Every structure is written in structure tokens, then in C-alpha cells.
Amino acid sequence: MGGQEEAMKSTRRAELDLFEDLEATPPTFSVAILNKERFLKILKESDILTDLSLLKNKVTALKGVIAFPKKDREGLLNIDSNGDTISLRKDVLISELNQILEAQTIGRAKYYLKRLEDGVRRVKTNKVSDVNLLRWKEYDDIITDSLWVLDKRDTSGVHLGWYWGNFIPQIPHQMMLRYTKKGDWVLDAFVGSGTTLIECRRLGRNGIGIELVPDVAQKAAELVEREPNKYNVTTEVVPDDSRIVNIGGILEKYGVKQVQLLIMHPPYYDIIDFSKDRRDLSQAGSVDEFLKMFGDAVDNATPFLEKGRYFALVIGDKYSKGEWIPLGFYCMNEVLRRGYLLKSIIVKNFEETRAKRNQKELWRYRALVGGFYIFKHEYIMLFKKK
Ligand SMILES: C[S@@+](CC[C@H](N)C(=O)[O-])C[C@H]1O[C@@H](n2cnc3c(N)ncnc32)[C@H](O)[C@@H]1O
């Protein structure tokens, strides 16, 4: 038997052992903390090999250490000594090593090795987020599909869900992960119970929220204060009318000229009465007046959104006098008329209100009689400022 054949056999043997062991271990999302220098050294040593079987042997041994730390003879997991460490999601790392092991040619194996090395050595982000594109596989919490079916709201921490007409925290959370970097500024022009600002504190983004109803603004501010501020960011609730509030003046207090993300979750016209105030969008006398008020709020905020950054509009439709009123698309057109670029229309399942849940049968009967469908969705319309 030639040396190469022997090497191939031993690779297969080692792989089989490992797979058996791995299958016995339930999959977890644990993190491997590695000595960066040693890890890169092993990758480099593998990279200079010209024989595919030898390269695979080396990678199999590496995979063994990561899956079973007791096998660590190289000091790969020795993170006490001087030098940088790197934390990688264990399941993703194992799958990348598997990809190398499954490569049919040395060229392909080296390509995967190089990709792994790049993800350890460098951070590559785009202009609007902190997502490391060289390690994109680790971000499976970030949604990239246009249909969101979220089965429960995040009620962790101070998120209470007390406010009728609030949105689920996952909405600002997702928007901030994809469209802001740590330390960026977010403006929510209809902040209600402060959901966006609570998420700002959790993710290390600064946030300004405008809310017309003083009591609601006050309660939101108190709630937001209760969320730990571990990144030491600024969060402020301003009780005012989004259509005319002096946004430039608020930002100037913090030495900032523009924000990097704009969020708007206005009333869906008159579906919920938020107050009796004439300045409240839920008090508009007609759909046209509602759209005019909404457009004014967009006009007031637009100059303070940085060019190339995103505007997320959360809105639903309404049904009135036997007719579906596509408020979402009407509002979308208002934004497009102001020169924004449409990036996505996300359709998100709608949380059933308690009242509707109790009247499920009645609504179904009404729908059958009236020839319409019961609302189960709302939109997150995503625009980019040109
Ligand atoms: C759909 S709710 C927003 C809920 C928020 N996303 C949350 O999670 O709590 C709309 C909010 O806009 C407020 N509002 C209505 N007209 C306004 C205006 N002209 N300026 C500022 N806020 C306004 C309402 O009082 C209400 O709290």
C-alpha cells in the first residue's frame, strides 16, 4: 500500500471515529474560544500541504480537538497564555471543517481553508451594519426572508407589552441588527411605549423617540430607564408632535446632526384611538387627512436621516364599510413620492388582539357573509434614502 493510500485510510478512520462520537453529542450552539495565533498556525500548516489526504488528516485532528477539548495537545484551547483569543460558534466551525474534509480536490480544500482563515483574521462589514460578512453563517438569528411568522413576542427584560397598539420588540431588534452599527443613532417618530428605545439600550444604539401623548411618553421614559444601559447609550423620549418637532434641535444637544435609522409605526388611521388630540394621526377626519399628516411627519424627519441609510415603516391596512383600505400601500406611496428607494416589503403575521381572539367564530362568520378575509398580516416597508 502506498503512503498516500495509507494516509487516506487513516483519514477515513479518524473521520468515522469522530462522526460516531459527534452523533452521540446533541447539537448545541456553544462557542469555541480558541488561541487565535495557534489556530491560525494550524490553518497555515494545513494550507502549505500539497497532498489532500495529509491536509484532511490535519483538519480531522483539528476538528477532534474542537469537538473534544481533552484531545488538545497543540494548546489550541490554551487561552491563558498571552495572545488574542477568537470565539467561533462551534457548530458553524465544525461545519466549515467538514466542508474542507468533503472537498474533492486540493484546490477546493484550500479555498475553504482560506475562507475560514479570512473569517478569523479579518472583519468585513458593509457600510450600515456590524454583521461580519466573513462569518455570515453565525448570524442565523438575522431574518432575511420577506415573510415573517413570529409566534411569540419577546417579553424578556422590561418589555411588557402593556401598550395596546405596540409592536413586537423583534421588529426594531431586526432592523437595528441589519441597518445600524453600535453607537449609531435611531429615531422613532411614533415611539408609543418605548419598545424601540429599550432595544436601543440592549444593542448599544442611541435612540430618540417622539410621542404625542404626554402620559404615554412619560410612562415610556420610565420604562426605558429601567432597562440596563450596559453600552452607556443615550435614549430620550420627547413628548411632541412628530410633524413639527424640532428634530435638529434635539440632536444638536448631543452633538449629532443626523440619525442612521428612522423607524415609524404610526397609528393605522382610526383603528385604535390613541387620544382625543387633533394632532394625533388616529384622529384624522379621513384617509386623505391621515395620509397628509403621515406625509408631514415623513417630511419633518427626512432631512435628519443620513443619506444611504434606512427607513422602516410598520403599518397595516384597515377594513371599513365593506371595503379593504390599503393604508400600507397608500403610506408606501407617500414615502416613495418623497424620493426614497423601496428596498423590501416584509409581510409579518399579525398578533391577534385578545378581543379578536374571543370573537374568532364571529369574525369567521362575518368574513364568510361579507366576502372578505380576516386580517392576519401587517407590513414592514423598508426604504433607503437616496
Ligand atoms: C402604533 S403606536 C406606536 C407603538 C410603538 N411602536 C410601541 O411599540 O409602543 C402609534 C403612536 O403614535 C402616537 N402618535 C399619534 N400621532 C402622533 C403625532 N402626531 N406625533 C407623535 N406621536 C403620535 C400615538 O399616541 C401612539 O402612541
# chains A, B, ... in the order shown; residues from 1 in each chain; ligands from 1

$ closest_atom_pairs --of "chain A" --to "ligand 1" --cutoff "8 Å" --atoms "only C-alpha atoms and all ligand atoms" --output "CSV"
residue,atom,partner,partner_atom_place_in_ligand_line,distance
A:Gly161,CA,ligand 1,9 (O),7.9
A:Tyr163,CA,ligand 1,9 (O),5.9
A:Trp164,CA,ligand 1,9 (O),7.7
A:Gly165,CA,ligand 1,1 (C),4.9
A:Asn166,CA,ligand 1,8 (O),3.4
A:Phe167,CA,ligand 1,8 (O),4.2
A:Ile168,CA,ligand 1,8 (O),6.5
A:Pro169,CA,ligand 1,8 (O),7.2
A:Ala189,CA,ligand 1,21 (C),6.1
A:Phe190,CA,ligand 1,12 (O),4.1
A:Val191,CA,ligand 1,5 (C),4.7
A:Gly192,CA,ligand 1,27 (O),3.5
A:Ser193,CA,ligand 1,9 (O),3.6
A:Gly194,CA,ligand 1,9 (O),5.4
A:Thr195,CA,ligand 1,8 (O),4.5
A:Thr196,CA,ligand 1,8 (O),6.7
A:Ile210,CA,ligand 1,21 (C),5.4
A:Glu211,CA,ligand 1,22 (N),3.9
A:Leu212,CA,ligand 1,22 (N),3.9
A:Val213,CA,ligand 1,25 (O),5.2
A:Val216,CA,ligand 1,27 (O),6.8
A:Pro239,CA,ligand 1,21 (C),7.6
A:Asp240,CA,ligand 1,21 (C),5.9
A:Asp241,CA,ligand 1,20 (N),3.6
A:Ser242,CA,ligand 1,20 (N),3.9
A:Arg243,CA,ligand 1,19 (N),5.9
A:Met264,CA,ligand 1,6 (N),7.6
A:His265,CA,ligand 1,3 (C),5.1
A:Pro266,CA,ligand 1,10 (C),4.4
A:Pro267,CA,ligand 1,1 (C),4.4
A:Tyr268,CA,ligand 1,1 (C),6.9
A:Phe274,CA,ligand 1,25 (O),4.9
A:Ser275,CA,ligand 1,25 (O),6.5
A:Arg279,CA,ligand 1,19 (N),5.1
A:Asp280,CA,ligand 1,16 (N),3.5
A:Leu281,CA,ligand 1,16 (N),4.3
A:Ser282,CA,ligand 1,15 (C),6.2
A:Met293,CA,ligand 1,19 (N),7.4
A:Ala297,CA,ligand 1,19 (N),7.3

$ residues_around --residues "stretch 43-52 of chain A" --least-positions-apart "4" --cutoff "9 Å" --atoms "only C-alpha atoms" --output "list in words"
Gln4, Met8, Arg38, Phe39, Lys56, Asn57, Lys58, Val59, Ala103, Gln104, Thr105, Ile106, Gly107, Ala109, Lys110, Leu113, Lys114, Leu116 and Glu117 of chain A

$ closest_residue --among "A:Ser53, A:Ser30, A:Gln174, A:Gln99" --to "A:Glu138" --atoms "only C-alpha atoms"
A:Ser30

$ closest_residue --among "A:Leu55, A:Val237, A:Ala32, A:Leu101" --to "A:Asn78" --atoms "only C-alpha atoms"
A:Ala32

$ select_by_dssp --residues "stretch 193-276 of chain A" --states "alpha helix (DSSP H)" --output "PyMOL selection string"
chain A and resi 195-203+214-226+247-252

$ select_by_dssp --residues "stretch 112-344 of chain A" --states "strand (DSSP E or B)" --output "number ranges by chain"
A: 147-148, 185-188, 206-211, 235-239, 259-264, 305-315, 318-320, 323-325, 341-344

$ residues_around --residues "A:Val92" --least-positions-apart "2" --cutoff "10 Å" --atoms "only C-alpha atoms" --output "ChimeraX atom specification"
/A:29-31,88-90,94-98,135-138

$ write_last_selection --atoms "all heavy atoms" --output "short mmCIF file (atom, residue, chain, number, x, y, z; two decimals), in the first residue's frame"
data_model
loop_
_atom_site.label_atom_id
_atom_site.label_comp_id
_atom_site.auth_asym_id
_atom_site.auth_seq_id
_atom_site.Cartn_x
_atom_site.Cartn_y
_atom_site.Cartn_z
N PHE A 29 -25.39 25.24 20.43
CA PHE A 29 -24.80 26.44 19.84
C PHE A 29 -23.70 26.97 20.73
O PHE A 29 -23.59 28.15 20.97
CB PHE A 29 -25.86 27.52 19.61
CG PHE A 29 -26.73 27.25 18.43
CD1 PHE A 29 -27.99 27.81 18.33
CD2 PHE A 29 -26.28 26.44 17.40
CE1 PHE A 29 -28.79 27.56 17.24
CE2 PHE A 29 -27.07 26.19 16.30
CZ PHE A 29 -28.33 26.74 16.22
N SER A 30 -22.87 26.05 21.25
CA SER A 30 -21.84 26.55 22.15
C SER A 30 -20.72 27.21 21.33
O SER A 30 -20.61 27.02 20.12
CB SER A 30 -21.32 25.44 23.03
OG SER A 30 -20.83 24.41 22.22
N VAL A 31 -19.92 27.97 22.05
CA VAL A 31 -18.88 28.75 21.40
C VAL A 31 -17.52 28.13 21.70
O VAL A 31 -17.28 27.70 22.82
CB VAL A 31 -18.96 30.21 21.93
CG1 VAL A 31 -17.74 31.01 21.54
CG2 VAL A 31 -20.23 30.88 21.42
N LEU A 88 -15.60 31.39 18.17
CA LEU A 88 -16.33 30.98 16.96
C LEU A 88 -17.47 30.07 17.38
O LEU A 88 -17.32 29.30 18.33
CB LEU A 88 -15.40 30.22 16.02
CG LEU A 88 -14.19 30.98 15.50
CD1 LEU A 88 -13.23 30.03 14.81
CD2 LEU A 88 -14.60 32.08 14.54
N ARG A 89 -18.59 30.17 16.68
CA ARG A 89 -19.67 29.26 17.02
C ARG A 89 -19.27 27.85 16.63
O ARG A 89 -18.92 27.61 15.47
CB ARG A 89 -20.96 29.70 16.32
CG ARG A 89 -22.08 29.90 17.34
CD ARG A 89 -23.31 30.32 16.72
NE ARG A 89 -23.88 29.28 15.86
CZ ARG A 89 -25.01 29.43 15.19
NH1 ARG A 89 -25.67 30.56 15.27
NH2 ARG A 89 -25.48 28.45 14.44
N LYS A 90 -19.34 26.96 17.62
CA LYS A 90 -18.79 25.62 17.44
C LYS A 90 -19.45 24.87 16.27
O LYS A 90 -18.76 24.28 15.44
CB LYS A 90 -19.02 24.84 18.73
CG LYS A 90 -17.89 23.95 19.11
CD LYS A 90 -18.19 23.41 20.50
CE LYS A 90 -17.06 22.59 21.02
NZ LYS A 90 -17.29 22.15 22.38
N ILE A 94 -17.41 23.59 13.02
CA ILE A 94 -17.36 22.15 12.66
C ILE A 94 -17.88 21.97 11.23
O ILE A 94 -17.30 21.23 10.44
CB ILE A 94 -18.22 21.31 13.65
CG1 ILE A 94 -17.68 21.44 15.08
CG2 ILE A 94 -18.34 19.86 13.18
CD1 ILE A 94 -16.73 20.41 15.57
N SER A 95 -18.94 22.70 10.88
CA SER A 95 -19.47 22.50 9.53
C SER A 95 -18.49 23.04 8.48
O SER A 95 -18.37 22.48 7.39
CB SER A 95 -20.88 23.09 9.41
OG SER A 95 -20.86 24.28 8.69
N GLU A 96 -17.74 24.09 8.83
CA GLU A 96 -16.75 24.58 7.87
C GLU A 96 -15.58 23.60 7.72
O GLU A 96 -15.05 23.40 6.63
CB GLU A 96 -16.26 25.97 8.29
CG GLU A 96 -17.38 26.99 8.10
CD GLU A 96 -16.98 28.42 8.35
OE1 GLU A 96 -15.80 28.69 8.66
OE2 GLU A 96 -17.87 29.27 8.23
N LEU A 97 -15.22 22.97 8.84
CA LEU A 97 -14.15 21.96 8.76
C LEU A 97 -14.64 20.76 7.96
O LEU A 97 -13.90 20.19 7.15
CB LEU A 97 -13.71 21.55 10.17
CG LEU A 97 -13.03 22.67 10.99
CD1 LEU A 97 -12.76 22.21 12.42
CD2 LEU A 97 -11.73 23.13 10.34
N ASN A 98 -15.91 20.42 8.15
CA ASN A 98 -16.48 19.30 7.37
C ASN A 98 -16.43 19.59 5.87
O ASN A 98 -16.18 18.71 5.06
CB ASN A 98 -17.94 19.05 7.78
CG ASN A 98 -18.01 18.29 9.09
OD1 ASN A 98 -17.04 17.66 9.50
ND2 ASN A 98 -19.14 18.37 9.75
N ARG A 135 -18.09 35.96 8.42
CA ARG A 135 -18.61 34.91 9.31
C ARG A 135 -20.13 34.91 9.30
O ARG A 135 -20.78 34.72 10.32
CB ARG A 135 -18.05 35.13 10.73
CG ARG A 135 -16.60 34.67 10.80
CD ARG A 135 -15.89 35.10 12.03
NE ARG A 135 -16.52 34.62 13.24
CZ ARG A 135 -16.12 34.96 14.45
NH1 ARG A 135 -15.10 35.77 14.60
NH2 ARG A 135 -16.74 34.50 15.51
N TRP A 136 -20.67 35.14 8.11
CA TRP A 136 -22.11 35.34 7.98
C TRP A 136 -22.93 34.14 8.45
O TRP A 136 -24.07 34.28 8.86
CB TRP A 136 -22.47 35.71 6.53
CG TRP A 136 -22.13 34.65 5.54
CD1 TRP A 136 -20.92 34.48 4.92
CD2 TRP A 136 -22.97 33.59 5.08
NE1 TRP A 136 -20.97 33.39 4.09
CE2 TRP A 136 -22.21 32.83 4.17
CE3 TRP A 136 -24.29 33.23 5.33
CZ2 TRP A 136 -22.74 31.71 3.52
CZ3 TRP A 136 -24.81 32.11 4.70
CH2 TRP A 136 -24.04 31.37 3.80
N LYS A 137 -22.32 32.97 8.43
CA LYS A 137 -23.09 31.78 8.82
C LYS A 137 -23.46 31.79 10.30
O LYS A 137 -24.32 31.04 10.73
CB LYS A 137 -22.28 30.52 8.51
CG LYS A 137 -22.22 30.21 7.05
CD LYS A 137 -21.58 28.88 6.81
CE LYS A 137 -21.43 28.63 5.33
NZ LYS A 137 -20.64 27.45 5.06
N GLU A 138 -22.75 32.62 11.07
CA GLU A 138 -23.04 32.65 12.51
C GLU A 138 -24.25 33.50 12.84
O GLU A 138 -24.66 33.58 13.99
CB GLU A 138 -21.81 33.16 13.27
CG GLU A 138 -20.63 32.24 13.11
CD GLU A 138 -19.48 32.53 14.06
OE1 GLU A 138 -19.64 33.37 14.97
OE2 GLU A 138 -18.42 31.91 13.89
#

$ closest_residue --among "A:Lys318, A:His377, A:Arg366, A:Lys307" --to "A:Ile346" --atoms "only C-alpha atoms"
A:His377

$ residues_around --residues "A:Glu334" --least-positions-apart "2" --cutoff "12 Å" --atoms "only C-alpha atoms" --output "PyMOL selection string"
chain A and resi 288+290-299+313+327-332+336-342+381+383

$ write_last_selection --atoms "N, CA and C atoms" --output "short mmCIF file (atom, residue, chain, number, x, y, z; two decimals), in the first residue's frame"
data_model
loop_
_atom_site.label_atom_id
_atom_site.label_comp_id
_atom_site.auth_asym_id
_atom_site.auth_seq_id
_atom_site.Cartn_x
_atom_site.Cartn_y
_atom_site.Cartn_z
N ASP A 288 -57.52 60.62 3.53
CA ASP A 288 -56.66 61.63 2.91
C ASP A 288 -55.97 62.49 3.96
N PHE A 290 -55.35 61.62 7.02
CA PHE A 290 -54.36 60.75 7.69
C PHE A 290 -53.07 60.72 6.87
N LEU A 291 -53.22 60.56 5.54
CA LEU A 291 -52.02 60.46 4.70
C LEU A 291 -51.25 61.78 4.67
N LYS A 292 -52.01 62.87 4.73
CA LYS A 292 -51.36 64.19 4.74
C LYS A 292 -50.54 64.33 6.04
N MET A 293 -51.16 63.92 7.16
CA MET A 293 -50.46 64.02 8.46
C MET A 293 -49.23 63.12 8.47
N PHE A 294 -49.38 61.92 7.93
CA PHE A 294 -48.25 60.99 7.88
C PHE A 294 -47.13 61.58 7.01
N GLY A 295 -47.53 62.12 5.85
CA GLY A 295 -46.54 62.74 4.93
C GLY A 295 -45.79 63.88 5.62
N ASP A 296 -46.52 64.66 6.42
CA ASP A 296 -45.87 65.77 7.14
C ASP A 296 -44.81 65.24 8.12
N ALA A 297 -45.14 64.13 8.78
CA ALA A 297 -44.16 63.55 9.73
C ALA A 297 -42.93 63.05 8.97
N VAL A 298 -43.16 62.46 7.79
CA VAL A 298 -42.02 61.98 6.98
C VAL A 298 -41.16 63.19 6.54
N ASP A 299 -41.84 64.26 6.10
CA ASP A 299 -41.10 65.46 5.66
C ASP A 299 -40.26 66.05 6.79
N LEU A 313 -40.90 51.46 7.89
CA LEU A 313 -42.28 51.88 8.18
C LEU A 313 -43.09 50.63 8.52
N LEU A 327 -54.07 50.93 3.52
CA LEU A 327 -53.30 52.03 4.14
C LEU A 327 -51.81 51.84 3.94
N GLY A 328 -51.38 50.56 4.04
CA GLY A 328 -49.95 50.24 3.90
C GLY A 328 -49.41 50.74 2.57
N PHE A 329 -50.13 50.43 1.49
CA PHE A 329 -49.63 50.84 0.16
C PHE A 329 -49.79 52.34 -0.06
N TYR A 330 -50.85 52.91 0.52
CA TYR A 330 -51.00 54.37 0.42
C TYR A 330 -49.82 55.07 1.10
N CYS A 331 -49.47 54.58 2.30
CA CYS A 331 -48.35 55.20 3.02
C CYS A 331 -47.04 54.97 2.26
N MET A 332 -46.91 53.77 1.70
CA MET A 332 -45.70 53.47 0.92
C MET A 332 -45.55 54.50 -0.22
N LEU A 336 -42.52 57.00 -1.18
CA LEU A 336 -41.85 56.94 -2.49
C LEU A 336 -41.91 58.29 -3.20
N ARG A 337 -43.02 58.99 -3.02
CA ARG A 337 -43.15 60.32 -3.64
C ARG A 337 -42.09 61.28 -3.13
N ARG A 338 -41.54 60.95 -1.97
CA ARG A 338 -40.51 61.84 -1.39
C ARG A 338 -39.10 61.40 -1.78
N GLY A 339 -39.03 60.54 -2.76
CA GLY A 339 -37.72 60.21 -3.36
C GLY A 339 -36.96 59.07 -2.70
N TYR A 340 -37.59 58.35 -1.80
CA TYR A 340 -36.90 57.20 -1.21
C TYR A 340 -36.89 56.02 -2.19
N LEU A 341 -35.97 55.10 -1.94
CA LEU A 341 -35.87 53.87 -2.73
C LEU A 341 -36.53 52.74 -1.95
N LEU A 342 -37.41 51.98 -2.58
CA LEU A 342 -38.04 50.86 -1.87
C LEU A 342 -37.08 49.66 -1.88
N MET A 381 -42.30 48.12 5.71
CA MET A 381 -41.82 48.60 4.40
C MET A 381 -40.47 49.27 4.62
N PHE A 383 -37.25 51.35 3.26
CA PHE A 383 -36.80 52.31 2.24
C PHE A 383 -35.36 52.72 2.55
#
